[in-house]
Amino acid sequence: MNAENVSLSLETPTLHDQHGRWPQAASVADFRRNLAAVHERIAAACRRSGREPASVRLLPVSKTVDEARIRLAYAAGCRLLGENKVQEAHGKWEAMADLSGLHWSVIGHLQTNKAKQVARFATEFQALDSLRLAEELDRRLQAEGRALDVFVQVNTSGEASKYGLPPEDVAPFLRALPAFPALRVRGLMTLAVLSAEASRVRQCFALLRGLRDRLRQEAPDGIGLDELSMGMSGDYEIAIEEGATVVRVGQAIFGARSTPDAYYWPAAQA
Ligand SMILES: *Cc1c(COP(=O)(O)O)cnc(C)c1O
């Protein structure tokens with residue numbers, strides 16, 4: 001075996017072959033077990049890359065999961081949940097207002113006309129990708145007397161179907177954001193290509209990290225670029241090896257979704 005084969009065989013694989021096979025969590029014990037397993041994999045990925053496990057935040061993604069199961073996840077300790085669609089997130093926020101300390105992160109593309117809803121209830125928004133949206137969010141947040149943690153979404157896969165700014169547009173975009181004081185910019189977010197080929201997935205994450213490292217030096221005052229939100233059930237270990245500080249994990253915690261990914265990302269491949 002030559003050196004190239006050795007390094008390939010040691011490469012962290014994607015878990016995309018698990019797609020559709022994650023078991024459904026149906027009890028508090030199931031959630032505790034799934035959360036512990038994900039935390040253990042996070043810790044192992046951190047060890048491999050010389051990082052502190054505490055430097056990675058796990059954001060459980062509860063899209064399509066009904067209220068009853070979300071209450072079980074809450075009982076197992078989840079306090080911040082990610083949702084792709086604002087309508088669904090808003091409904092869950094209203095339905096579970098009795099759960100103290102439960103917060104919502106909106107991680108999916110947002111139309112400007114729905115900024116008002118996000119401004120009302122979300123504590124975090126990870127898919128900022130236009131100045132019109134930034135302006136509208138800022139205006140609505142100021143009216144509510146609130147602030148919002150935001151991530152700028154970047155299209156690192158070059159797929160036309162993916163949301164997010166092209167990498168070369170991110171620097172001028174960041175320079176415009178200080179005009180919106182209710183937005184607390186925390187970092188960058190991306191979705192890798194949905195491929196079983198680990199090296200292609202890794203490239204997307206490495207691109208986001210490189211971009212962040214370069215832009216951090218010239219970031220305007222008040223624009224934080226400490227966070228890198230990247231990695232989901234199928235690829236979060238690779239993302240951590242490439243510097244993720246937030247991993248957005250749904251199916252590995254809640255169980256497989258029946259809704260196809262194409263519902264969230266037009267033309268996504270399984
Ligand atoms: C659904 C979703 C995730 C989580 O995907 P899983 O495969 O369930 O881990 C991550 N990020 C975004 C933007 C999502 O919509």
# chains A, B, ... in the order shown; residues from 1 in each chain; ligands from 1
>>> residues_near_ligand(ligand="ligand 1", cutoff="9 Å", atoms="only C-alpha atoms and all ligand atoms", output="mmCIF file with all heavy atoms, in the first residue's frame")
data_model
loop_
_atom_site.group_PDB
_atom_site.id
_atom_site.type_symbol
_atom_site.label_atom_id
_atom_site.label_comp_id
_atom_site.auth_asym_id
_atom_site.auth_seq_id
_atom_site.Cartn_x
_atom_site.Cartn_y
_atom_site.Cartn_z
ATOM 1 N N HIS A 16 -23.024 9.881 5.597
ATOM 2 C CA HIS A 16 -24.187 10.031 4.717
ATOM 3 C C HIS A 16 -24.818 8.687 4.355
ATOM 4 O O HIS A 16 -25.975 8.634 3.973
ATOM 5 C CB HIS A 16 -23.809 10.786 3.440
ATOM 6 C CG HIS A 16 -23.564 12.252 3.668
ATOM 7 N ND1 HIS A 16 -24.462 13.065 4.323
ATOM 8 C CD2 HIS A 16 -22.526 13.057 3.339
ATOM 9 C CE1 HIS A 16 -23.988 14.299 4.377
ATOM 10 N NE2 HIS A 16 -22.813 14.323 3.796
ATOM 11 N N HIS A 19 -27.956 7.914 6.034
ATOM 12 C CA HIS A 19 -29.112 8.716 5.666
ATOM 13 C C HIS A 19 -30.390 7.888 5.649
ATOM 14 O O HIS A 19 -30.451 6.847 5.025
ATOM 15 C CB HIS A 19 -28.879 9.329 4.287
ATOM 16 C CG HIS A 19 -29.251 10.767 4.256
ATOM 17 N ND1 HIS A 19 -28.450 11.755 4.789
ATOM 18 C CD2 HIS A 19 -30.350 11.389 3.785
ATOM 19 C CE1 HIS A 19 -29.032 12.912 4.628
ATOM 20 N NE2 HIS A 19 -30.174 12.734 4.029
ATOM 21 N N LEU A 59 -25.833 22.145 18.184
ATOM 22 C CA LEU A 59 -27.172 22.715 18.009
ATOM 23 C C LEU A 59 -28.096 21.619 17.480
ATOM 24 O O LEU A 59 -28.015 21.247 16.304
ATOM 25 C CB LEU A 59 -27.135 23.884 17.012
ATOM 26 C CG LEU A 59 -28.509 24.475 16.640
ATOM 27 C CD1 LEU A 59 -29.215 25.061 17.858
ATOM 28 C CD2 LEU A 59 -28.370 25.541 15.549
ATOM 29 N N PRO A 60 -28.965 21.074 18.320
ATOM 30 C CA PRO A 60 -29.903 20.048 17.848
ATOM 31 C C PRO A 60 -30.943 20.684 16.913
ATOM 32 O O PRO A 60 -31.466 21.748 17.205
ATOM 33 C CB PRO A 60 -30.577 19.549 19.136
ATOM 34 C CG PRO A 60 -29.677 20.001 20.259
ATOM 35 C CD PRO A 60 -29.080 21.293 19.772
ATOM 36 N N VAL A 61 -31.191 20.024 15.790
ATOM 37 C CA VAL A 61 -32.104 20.569 14.764
ATOM 38 C C VAL A 61 -33.402 19.754 14.785
ATOM 39 O O VAL A 61 -33.404 18.560 14.487
ATOM 40 C CB VAL A 61 -31.445 20.509 13.373
ATOM 41 C CG1 VAL A 61 -32.429 20.959 12.294
ATOM 42 C CG2 VAL A 61 -30.191 21.388 13.342
ATOM 43 N N SER A 62 -34.498 20.436 15.133
ATOM 44 C CA SER A 62 -35.758 19.732 15.400
ATOM 45 C C SER A 62 -36.797 19.890 14.304
ATOM 46 O O SER A 62 -37.981 19.636 14.530
ATOM 47 C CB SER A 62 -36.332 20.221 16.734
ATOM 48 O OG SER A 62 -36.445 21.632 16.736
ATOM 49 N N LYS A 63 -36.379 20.275 13.102
ATOM 50 C CA LYS A 63 -37.362 20.462 12.024
ATOM 51 C C LYS A 63 -38.111 19.156 11.739
ATOM 52 O O LYS A 63 -37.510 18.077 11.819
ATOM 53 C CB LYS A 63 -36.687 20.988 10.755
ATOM 54 C CG LYS A 63 -35.750 20.009 10.100
ATOM 55 C CD LYS A 63 -34.956 20.699 8.997
ATOM 56 C CE LYS A 63 -34.163 19.701 8.205
ATOM 57 N NZ LYS A 63 -32.997 20.298 7.545
ATOM 58 N N GLY A 82 -32.647 24.209 16.592
ATOM 59 C CA GLY A 82 -32.580 24.788 15.258
ATOM 60 C C GLY A 82 -33.771 24.352 14.424
ATOM 61 O O GLY A 82 -34.190 23.201 14.467
ATOM 62 N N GLU A 83 -34.311 25.301 13.659
ATOM 63 C CA GLU A 83 -35.425 25.032 12.745
ATOM 64 C C GLU A 83 -35.122 25.688 11.407
ATOM 65 O O GLU A 83 -34.629 26.813 11.368
ATOM 66 C CB GLU A 83 -36.734 25.616 13.309
ATOM 67 C CG GLU A 83 -37.286 24.861 14.514
ATOM 68 C CD GLU A 83 -38.013 23.571 14.123
ATOM 69 O OE1 GLU A 83 -38.422 23.450 12.948
ATOM 70 O OE2 GLU A 83 -38.160 22.687 14.992
ATOM 71 N N ASN A 84 -35.436 25.008 10.312
ATOM 72 C CA ASN A 84 -35.137 25.545 8.988
ATOM 73 C C ASN A 84 -36.193 26.548 8.529
ATOM 74 O O ASN A 84 -35.860 27.542 7.885
ATOM 75 C CB ASN A 84 -35.020 24.394 7.990
ATOM 76 C CG ASN A 84 -34.577 24.848 6.623
ATOM 77 O OD1 ASN A 84 -35.321 25.558 5.953
ATOM 78 N ND2 ASN A 84 -33.375 24.473 6.214
ATOM 79 N N LYS A 85 -37.454 26.292 8.848
ATOM 80 C CA LYS A 85 -38.547 27.134 8.327
ATOM 81 C C LYS A 85 -39.127 28.001 9.443
ATOM 82 O O LYS A 85 -39.498 27.494 10.504
ATOM 83 C CB LYS A 85 -39.654 26.251 7.746
ATOM 84 C CG LYS A 85 -39.141 25.249 6.709
ATOM 85 C CD LYS A 85 -39.557 25.623 5.321
ATOM 86 C CE LYS A 85 -39.066 24.595 4.320
ATOM 87 N NZ LYS A 85 -38.845 25.172 2.988
ATOM 88 N N VAL A 106 -33.064 30.017 14.006
ATOM 89 C CA VAL A 106 -33.563 29.804 12.643
ATOM 90 C C VAL A 106 -32.351 29.636 11.727
ATOM 91 O O VAL A 106 -31.492 30.514 11.644
ATOM 92 C CB VAL A 106 -34.460 30.973 12.187
ATOM 93 C CG1 VAL A 106 -34.861 30.806 10.726
ATOM 94 C CG2 VAL A 106 -35.701 31.055 13.079
ATOM 95 N N ILE A 107 -32.268 28.473 11.068
ATOM 96 C CA ILE A 107 -31.058 28.141 10.316
ATOM 97 C C ILE A 107 -31.296 28.052 8.812
ATOM 98 O O ILE A 107 -30.382 27.726 8.064
ATOM 99 C CB ILE A 107 -30.442 26.803 10.817
ATOM 100 C CG1 ILE A 107 -31.429 25.653 10.645
ATOM 101 C CG2 ILE A 107 -30.025 26.921 12.274
ATOM 102 C CD1 ILE A 107 -30.840 24.279 11.042
ATOM 103 N N GLY A 108 -32.538 28.350 8.375
ATOM 104 C CA GLY A 108 -32.857 28.222 6.956
ATOM 105 C C GLY A 108 -33.087 29.565 6.288
ATOM 106 O O GLY A 108 -33.299 30.593 6.947
ATOM 107 N N HIS A 109 -33.044 29.554 4.964
ATOM 108 C CA HIS A 109 -33.265 30.746 4.141
ATOM 109 C C HIS A 109 -34.535 31.483 4.572
ATOM 110 O O HIS A 109 -35.562 30.866 4.833
ATOM 111 C CB HIS A 109 -33.388 30.311 2.680
ATOM 112 C CG HIS A 109 -33.626 31.461 1.759
ATOM 113 N ND1 HIS A 109 -32.649 32.364 1.432
ATOM 114 C CD2 HIS A 109 -34.749 31.853 1.115
ATOM 115 C CE1 HIS A 109 -33.145 33.263 0.612
ATOM 116 N NE2 HIS A 109 -34.414 32.986 0.401
ATOM 117 N N GLN A 126 -29.111 31.997 11.397
ATOM 118 C CA GLN A 126 -27.839 31.549 10.808
ATOM 119 C C GLN A 126 -27.764 31.667 9.294
ATOM 120 O O GLN A 126 -26.801 31.201 8.704
ATOM 121 C CB GLN A 126 -27.587 30.081 11.194
ATOM 122 C CG GLN A 126 -27.346 29.878 12.675
ATOM 123 C CD GLN A 126 -26.502 28.648 12.956
ATOM 124 O OE1 GLN A 126 -26.108 27.924 12.040
ATOM 125 N NE2 GLN A 126 -26.209 28.412 14.222
ATOM 126 N N ALA A 127 -28.763 32.262 8.654
ATOM 127 C CA ALA A 127 -28.784 32.227 7.186
ATOM 128 C C ALA A 127 -28.873 33.624 6.572
ATOM 129 O O ALA A 127 -29.524 33.827 5.549
ATOM 130 C CB ALA A 127 -29.943 31.346 6.706
ATOM 131 N N MET A 189 -21.655 30.661 8.274
ATOM 132 C CA MET A 189 -22.351 29.364 8.255
ATOM 133 C C MET A 189 -22.325 28.807 6.848
ATOM 134 O O MET A 189 -22.348 29.555 5.865
ATOM 135 C CB MET A 189 -23.797 29.581 8.711
ATOM 136 C CG MET A 189 -24.667 28.334 8.704
ATOM 137 S SD MET A 189 -25.453 27.995 7.124
ATOM 138 C CE MET A 189 -27.108 27.638 7.656
ATOM 139 N N THR A 190 -22.230 27.485 6.728
ATOM 140 C CA THR A 190 -22.328 26.875 5.404
ATOM 141 C C THR A 190 -22.905 25.472 5.475
ATOM 142 O O THR A 190 -22.959 24.841 6.535
ATOM 143 C CB THR A 190 -20.957 26.824 4.691
ATOM 144 O OG1 THR A 190 -21.154 26.692 3.276
ATOM 145 C CG2 THR A 190 -20.103 25.631 5.157
ATOM 146 N N LEU A 191 -23.377 25.015 4.311
ATOM 147 C CA LEU A 191 -23.769 23.622 4.096
ATOM 148 C C LEU A 191 -22.784 23.077 3.082
ATOM 149 O O LEU A 191 -22.605 23.661 2.014
ATOM 150 C CB LEU A 191 -25.165 23.566 3.466
ATOM 151 C CG LEU A 191 -26.359 23.839 4.365
ATOM 152 C CD1 LEU A 191 -27.504 24.394 3.556
ATOM 153 C CD2 LEU A 191 -26.778 22.555 5.038
ATOM 154 N N SER A 229 -20.278 27.891 11.767
ATOM 155 C CA SER A 229 -21.359 26.913 11.871
ATOM 156 C C SER A 229 -21.320 26.019 10.645
ATOM 157 O O SER A 229 -21.675 26.444 9.541
ATOM 158 C CB SER A 229 -22.710 27.625 11.988
ATOM 159 O OG SER A 229 -23.756 26.663 11.979
ATOM 160 N N MET A 230 -20.867 24.803 10.815
ATOM 161 C CA MET A 230 -20.760 23.877 9.676
ATOM 162 C C MET A 230 -20.739 22.447 10.178
ATOM 163 O O MET A 230 -20.186 22.158 11.240
ATOM 164 C CB MET A 230 -19.532 24.203 8.815
ATOM 165 C CG MET A 230 -18.202 24.296 9.544
ATOM 166 S SD MET A 230 -16.899 24.989 8.480
ATOM 167 C CE MET A 230 -15.423 24.369 9.326
ATOM 168 N N GLY A 231 -21.385 21.574 9.410
ATOM 169 C CA GLY A 231 -21.476 20.175 9.784
ATOM 170 C C GLY A 231 -22.872 19.814 10.245
ATOM 171 O O GLY A 231 -23.493 20.556 11.005
ATOM 172 N N MET A 232 -23.388 18.696 9.721
ATOM 173 C CA MET A 232 -24.670 18.155 10.133
ATOM 174 C C MET A 232 -24.523 16.652 10.379
ATOM 175 O O MET A 232 -23.384 16.171 10.459
ATOM 176 C CB MET A 232 -25.749 18.481 9.100
ATOM 177 C CG MET A 232 -25.267 18.551 7.662
ATOM 178 S SD MET A 232 -26.346 19.565 6.680
ATOM 179 C CE MET A 232 -27.519 18.315 6.208
ATOM 180 N N SER A 233 -25.646 15.921 10.523
ATOM 181 C CA SER A 233 -25.518 14.520 10.957
ATOM 182 C C SER A 233 -24.497 13.742 10.130
ATOM 183 O O SER A 233 -23.743 12.947 10.665
ATOM 184 C CB SER A 233 -26.878 13.815 10.880
ATOM 185 O OG SER A 233 -27.748 14.349 11.837
ATOM 186 N N GLY A 234 -24.490 13.985 8.814
ATOM 187 C CA GLY A 234 -23.652 13.184 7.934
ATOM 188 C C GLY A 234 -22.186 13.600 7.878
ATOM 189 O O GLY A 234 -21.357 12.862 7.333
ATOM 190 N N ASP A 235 -21.865 14.776 8.414
ATOM 191 C CA ASP A 235 -20.489 15.252 8.192
ATOM 192 C C ASP A 235 -19.928 16.133 9.316
ATOM 193 O O ASP A 235 -18.934 16.821 9.104
ATOM 194 C CB ASP A 235 -20.415 15.991 6.843
ATOM 195 C CG ASP A 235 -21.428 17.111 6.695
ATOM 196 O OD1 ASP A 235 -21.907 17.616 7.730
ATOM 197 O OD2 ASP A 235 -21.742 17.489 5.553
ATOM 198 N N TYR A 236 -20.541 16.092 10.507
ATOM 199 C CA TYR A 236 -20.093 17.033 11.545
ATOM 200 C C TYR A 236 -18.688 16.731 12.068
ATOM 201 O O TYR A 236 -17.979 17.638 12.526
ATOM 202 C CB TYR A 236 -21.103 17.132 12.693
ATOM 203 C CG TYR A 236 -21.284 15.897 13.543
ATOM 204 C CD1 TYR A 236 -20.549 15.712 14.704
ATOM 205 C CD2 TYR A 236 -22.207 14.927 13.199
ATOM 206 C CE1 TYR A 236 -20.725 14.581 15.496
ATOM 207 C CE2 TYR A 236 -22.393 13.798 13.972
ATOM 208 C CZ TYR A 236 -21.649 13.627 15.122
ATOM 209 O OH TYR A 236 -21.829 12.508 15.889
ATOM 210 N N VAL A 247 -22.059 22.826 15.379
ATOM 211 C CA VAL A 247 -22.517 21.787 14.457
ATOM 212 C C VAL A 247 -24.032 21.669 14.599
ATOM 213 O O VAL A 247 -24.571 21.711 15.701
ATOM 214 C CB VAL A 247 -21.826 20.421 14.690
ATOM 215 C CG1 VAL A 247 -20.355 20.495 14.298
ATOM 216 C CG2 VAL A 247 -21.958 19.949 16.128
ATOM 217 N N ARG A 248 -24.726 21.593 13.467
ATOM 218 C CA ARG A 248 -26.194 21.571 13.443
ATOM 219 C C ARG A 248 -26.649 20.144 13.159
ATOM 220 O O ARG A 248 -26.580 19.694 12.027
ATOM 221 C CB ARG A 248 -26.705 22.528 12.356
ATOM 222 C CG ARG A 248 -26.097 23.938 12.412
ATOM 223 C CD ARG A 248 -26.580 24.777 11.232
ATOM 224 N NE ARG A 248 -26.367 24.132 9.957
ATOM 225 C CZ ARG A 248 -25.300 24.291 9.177
ATOM 226 N NH1 ARG A 248 -24.333 25.106 9.547
ATOM 227 N NH2 ARG A 248 -25.199 23.649 8.034
ATOM 228 N N VAL A 249 -27.090 19.444 14.186
ATOM 229 C CA VAL A 249 -27.336 18.006 14.037
ATOM 230 C C VAL A 249 -28.802 17.679 14.315
ATOM 231 O O VAL A 249 -29.301 17.909 15.421
ATOM 232 C CB VAL A 249 -26.418 17.209 14.988
ATOM 233 C CG1 VAL A 249 -26.703 15.715 14.866
ATOM 234 C CG2 VAL A 249 -24.951 17.502 14.680
ATOM 235 N N GLY A 250 -29.480 17.162 13.303
ATOM 236 C CA GLY A 250 -30.878 16.771 13.450
ATOM 237 C C GLY A 250 -31.059 15.272 13.582
ATOM 238 O O GLY A 250 -31.302 14.728 14.659
ATOM 239 N N GLN A 251 -30.900 14.563 12.448
ATOM 240 C CA GLN A 251 -31.278 13.146 12.394
ATOM 241 C C GLN A 251 -30.522 12.243 13.364
ATOM 242 O O GLN A 251 -31.086 11.270 13.873
ATOM 243 C CB GLN A 251 -31.103 12.636 10.966
ATOM 244 C CG GLN A 251 -31.994 13.393 9.973
ATOM 245 C CD GLN A 251 -31.809 12.935 8.552
ATOM 246 O OE1 GLN A 251 -32.435 11.978 8.122
ATOM 247 N NE2 GLN A 251 -30.939 13.617 7.820
ATOM 248 N N ALA A 252 -29.271 12.547 13.641
ATOM 249 C CA ALA A 252 -28.507 11.698 14.559
ATOM 250 C C ALA A 252 -29.020 11.814 15.992
ATOM 251 O O ALA A 252 -28.699 10.979 16.834
ATOM 252 C CB ALA A 252 -27.021 12.056 14.502
ATOM 253 N N ILE A 253 -29.824 12.848 16.266
ATOM 254 C CA ILE A 253 -30.403 13.012 17.603
ATOM 255 C C ILE A 253 -31.874 12.602 17.620
ATOM 256 O O ILE A 253 -32.325 11.864 18.493
ATOM 257 C CB ILE A 253 -30.258 14.481 18.073
ATOM 258 C CG1 ILE A 253 -28.777 14.841 18.244
ATOM 259 C CG2 ILE A 253 -31.041 14.713 19.369
ATOM 260 C CD1 ILE A 253 -28.526 16.322 18.468
ATOM 261 N N PHE A 254 -32.621 13.091 16.623
ATOM 262 C CA PHE A 254 -34.080 12.880 16.623
ATOM 263 C C PHE A 254 -34.503 11.630 15.857
ATOM 264 O O PHE A 254 -35.576 11.095 16.082
ATOM 265 C CB PHE A 254 -34.780 14.107 16.020
ATOM 266 C CG PHE A 254 -34.723 15.312 16.908
ATOM 267 C CD1 PHE A 254 -33.689 16.226 16.801
ATOM 268 C CD2 PHE A 254 -35.696 15.528 17.870
ATOM 269 C CE1 PHE A 254 -33.623 17.342 17.629
ATOM 270 C CE2 PHE A 254 -35.653 16.634 18.706
ATOM 271 C CZ PHE A 254 -34.606 17.543 18.586
ATOM 272 N N GLY A 255 -33.675 11.192 14.919
ATOM 273 C CA GLY A 255 -34.053 10.079 14.046
ATOM 274 C C GLY A 255 -34.249 10.578 12.625
ATOM 275 O O GLY A 255 -34.349 11.779 12.374
ATOM 276 N N ALA A 256 -34.285 9.633 11.681
ATOM 277 C CA ALA A 256 -34.394 9.982 10.261
ATOM 278 C C ALA A 256 -35.673 10.773 10.000
ATOM 279 O O ALA A 256 -36.703 10.535 10.625
ATOM 280 C CB ALA A 256 -34.375 8.716 9.419
ATOM 281 N N ARG A 257 -35.576 11.709 9.058
ATOM 282 C CA ARG A 257 -36.742 12.476 8.621
ATOM 283 C C ARG A 257 -37.352 11.826 7.395
ATOM 284 O O ARG A 257 -36.620 11.309 6.546
ATOM 285 C CB ARG A 257 -36.315 13.891 8.190
ATOM 286 C CG ARG A 257 -36.242 14.932 9.241
ATOM 287 C CD ARG A 257 -35.986 16.303 8.609
ATOM 288 N NE ARG A 257 -34.776 16.328 7.797
ATOM 289 C CZ ARG A 257 -33.553 16.487 8.282
ATOM 290 N NH1 ARG A 257 -33.368 16.639 9.565
ATOM 291 N NH2 ARG A 257 -32.509 16.484 7.489
ATOM 292 N N ASP A 261 -34.476 15.968 1.687
ATOM 293 C CA ASP A 261 -33.671 17.180 1.814
ATOM 294 C C ASP A 261 -34.004 18.204 0.736
ATOM 295 O O ASP A 261 -33.836 19.401 0.935
ATOM 296 C CB ASP A 261 -32.182 16.832 1.751
ATOM 297 C CG ASP A 261 -31.695 16.238 3.060
ATOM 298 O OD1 ASP A 261 -32.322 16.502 4.105
ATOM 299 O OD2 ASP A 261 -30.702 15.490 3.038
ATOM 300 N N TYR A 264 -35.743 21.301 1.634
ATOM 301 C CA TYR A 264 -35.018 22.395 2.284
ATOM 302 C C TYR A 264 -33.989 23.025 1.359
ATOM 303 O O TYR A 264 -33.697 24.205 1.450
ATOM 304 C CB TYR A 264 -34.325 21.876 3.553
ATOM 305 C CG TYR A 264 -35.333 21.361 4.534
ATOM 306 C CD1 TYR A 264 -35.627 20.001 4.592
ATOM 307 C CD2 TYR A 264 -36.041 22.245 5.329
ATOM 308 C CE1 TYR A 264 -36.589 19.542 5.462
ATOM 309 C CE2 TYR A 264 -37.014 21.784 6.185
ATOM 310 C CZ TYR A 264 -37.287 20.430 6.249
ATOM 311 O OH TYR A 264 -38.242 19.963 7.092
ATOM 312 N N TRP A 265 -33.394 22.214 0.511
ATOM 313 C CA TRP A 265 -32.384 22.703 -0.428
ATOM 314 C C TRP A 265 -32.789 22.231 -1.801
ATOM 315 O O TRP A 265 -32.576 21.065 -2.150
ATOM 316 C CB TRP A 265 -31.011 22.135 -0.081
ATOM 317 C CG TRP A 265 -30.705 22.291 1.350
ATOM 318 C CD1 TRP A 265 -30.521 23.472 2.004
ATOM 319 C CD2 TRP A 265 -30.578 21.263 2.328
ATOM 320 N NE1 TRP A 265 -30.273 23.229 3.325
ATOM 321 C CE2 TRP A 265 -30.304 21.892 3.554
ATOM 322 C CE3 TRP A 265 -30.647 19.874 2.281
ATOM 323 C CZ2 TRP A 265 -30.115 21.186 4.725
ATOM 324 C CZ3 TRP A 265 -30.459 19.169 3.461
ATOM 325 C CH2 TRP A 265 -30.207 19.823 4.657
#
>>> select_by_dssp(residues="range 54-164 of chain A", states="strand (DSSP E or B)", output="ChimeraX atom specification")
/A:57-61,80-83,103-106,124-128,148-154
>>> write_last_selection(atoms="N, CA, C and O atoms", output="mmCIF file, in the first residue's frame")
data_model
loop_
_atom_site.group_PDB
_atom_site.id
_atom_site.type_symbol
_atom_site.label_atom_id
_atom_site.label_comp_id
_atom_site.auth_asym_id
_atom_site.auth_seq_id
_atom_site.Cartn_x
_atom_site.Cartn_y
_atom_site.Cartn_z
ATOM 1 N N ARG A 57 -20.088 23.817 19.917
ATOM 2 C CA ARG A 57 -21.467 23.810 20.428
ATOM 3 C C ARG A 57 -22.323 22.915 19.550
ATOM 4 O O ARG A 57 -22.300 23.026 18.320
ATOM 5 N N LEU A 58 -23.072 22.036 20.189
ATOM 6 C CA LEU A 58 -24.008 21.172 19.461
ATOM 7 C C LEU A 58 -25.365 21.862 19.407
ATOM 8 O O LEU A 58 -25.964 22.151 20.439
ATOM 9 N N LEU A 59 -25.833 22.145 18.184
ATOM 10 C CA LEU A 59 -27.172 22.715 18.009
ATOM 11 C C LEU A 59 -28.096 21.619 17.480
ATOM 12 O O LEU A 59 -28.015 21.247 16.304
ATOM 13 N N PRO A 60 -28.965 21.074 18.320
ATOM 14 C CA PRO A 60 -29.903 20.048 17.848
ATOM 15 C C PRO A 60 -30.943 20.684 16.913
ATOM 16 O O PRO A 60 -31.466 21.748 17.205
ATOM 17 N N VAL A 61 -31.191 20.024 15.790
ATOM 18 C CA VAL A 61 -32.104 20.569 14.764
ATOM 19 C C VAL A 61 -33.402 19.754 14.785
ATOM 20 O O VAL A 61 -33.404 18.560 14.487
ATOM 21 N N LEU A 80 -31.616 24.912 23.226
ATOM 22 C CA LEU A 80 -31.608 25.739 22.016
ATOM 23 C C LEU A 80 -31.821 24.785 20.857
ATOM 24 O O LEU A 80 -31.096 23.800 20.721
ATOM 25 N N LEU A 81 -32.857 25.049 20.044
ATOM 26 C CA LEU A 81 -33.186 24.139 18.949
ATOM 27 C C LEU A 81 -33.151 24.875 17.615
ATOM 28 O O LEU A 81 -33.587 26.027 17.521
ATOM 29 N N GLY A 82 -32.647 24.209 16.592
ATOM 30 C CA GLY A 82 -32.580 24.788 15.258
ATOM 31 C C GLY A 82 -33.771 24.352 14.424
ATOM 32 O O GLY A 82 -34.190 23.201 14.467
ATOM 33 N N GLU A 83 -34.311 25.301 13.659
ATOM 34 C CA GLU A 83 -35.425 25.032 12.745
ATOM 35 C C GLU A 83 -35.122 25.688 11.407
ATOM 36 O O GLU A 83 -34.629 26.813 11.368
ATOM 37 N N HIS A 103 -34.895 28.112 23.721
ATOM 38 C CA HIS A 103 -34.656 29.142 22.720
ATOM 39 C C HIS A 103 -34.601 28.535 21.325
ATOM 40 O O HIS A 103 -34.357 27.339 21.170
ATOM 41 N N TRP A 104 -34.795 29.400 20.316
ATOM 42 C CA TRP A 104 -34.909 28.925 18.936
ATOM 43 C C TRP A 104 -33.901 29.606 18.024
ATOM 44 O O TRP A 104 -33.724 30.824 18.072
ATOM 45 N N SER A 105 -33.263 28.797 17.199
ATOM 46 C CA SER A 105 -32.315 29.292 16.208
ATOM 47 C C SER A 105 -32.888 28.997 14.824
ATOM 48 O O SER A 105 -33.189 27.842 14.519
ATOM 49 N N VAL A 106 -33.064 30.017 14.006
ATOM 50 C CA VAL A 106 -33.563 29.804 12.643
ATOM 51 C C VAL A 106 -32.351 29.636 11.727
ATOM 52 O O VAL A 106 -31.492 30.514 11.644
ATOM 53 N N GLU A 124 -31.347 33.437 17.523
ATOM 54 C CA GLU A 124 -30.207 33.294 16.617
ATOM 55 C C GLU A 124 -30.758 33.077 15.209
ATOM 56 O O GLU A 124 -31.761 32.403 15.022
ATOM 57 N N PHE A 125 -30.050 33.645 14.218
ATOM 58 C CA PHE A 125 -30.425 33.442 12.820
ATOM 59 C C PHE A 125 -29.151 33.149 12.050
ATOM 60 O O PHE A 125 -28.212 33.933 12.049
ATOM 61 N N GLN A 126 -29.111 31.997 11.397
ATOM 62 C CA GLN A 126 -27.839 31.549 10.808
ATOM 63 C C GLN A 126 -27.764 31.667 9.294
ATOM 64 O O GLN A 126 -26.801 31.201 8.704
ATOM 65 N N ALA A 127 -28.763 32.262 8.654
ATOM 66 C CA ALA A 127 -28.784 32.227 7.186
ATOM 67 C C ALA A 127 -28.873 33.624 6.572
ATOM 68 O O ALA A 127 -29.524 33.827 5.549
ATOM 69 N N LEU A 128 -28.175 34.585 7.163
ATOM 70 C CA LEU A 128 -28.188 35.945 6.614
ATOM 71 C C LEU A 128 -27.425 35.972 5.289
ATOM 72 O O LEU A 128 -26.264 35.550 5.230
ATOM 73 N N LEU A 148 -30.300 40.232 17.889
ATOM 74 C CA LEU A 148 -30.291 38.864 17.360
ATOM 75 C C LEU A 148 -28.857 38.479 17.002
ATOM 76 O O LEU A 148 -28.149 39.246 16.350
ATOM 77 N N ASP A 149 -28.430 37.287 17.430
ATOM 78 C CA ASP A 149 -27.146 36.756 16.986
ATOM 79 C C ASP A 149 -27.299 36.261 15.555
ATOM 80 O O ASP A 149 -28.234 35.504 15.277
ATOM 81 N N VAL A 150 -26.413 36.664 14.651
ATOM 82 C CA VAL A 150 -26.551 36.223 13.260
ATOM 83 C C VAL A 150 -25.248 35.638 12.717
ATOM 84 O O VAL A 150 -24.140 35.993 13.141
ATOM 85 N N PHE A 151 -25.421 34.733 11.776
ATOM 86 C CA PHE A 151 -24.330 34.136 11.011
ATOM 87 C C PHE A 151 -24.582 34.472 9.543
ATOM 88 O O PHE A 151 -25.725 34.421 9.089
ATOM 89 N N VAL A 152 -23.531 34.766 8.826
ATOM 90 C CA VAL A 152 -23.649 35.028 7.396
ATOM 91 C C VAL A 152 -23.484 33.696 6.662
ATOM 92 O O VAL A 152 -22.477 32.987 6.841
ATOM 93 N N GLN A 153 -24.484 33.344 5.847
ATOM 94 C CA GLN A 153 -24.407 32.071 5.130
ATOM 95 C C GLN A 153 -23.608 32.225 3.845
ATOM 96 O O GLN A 153 -23.813 33.149 3.061
ATOM 97 N N VAL A 154 -22.694 31.291 3.641
ATOM 98 C CA VAL A 154 -21.809 31.313 2.475
ATOM 99 C C VAL A 154 -22.030 30.044 1.651
ATOM 100 O O VAL A 154 -22.132 28.941 2.210
#
>>> residues_around(residues="Pro172 in chain A", least_positions_apart="5", cutoff="12 Å", atoms="only C-alpha atoms", output="ChimeraX atom specification")
/A:130-131,165-167,177-178,215,218-220
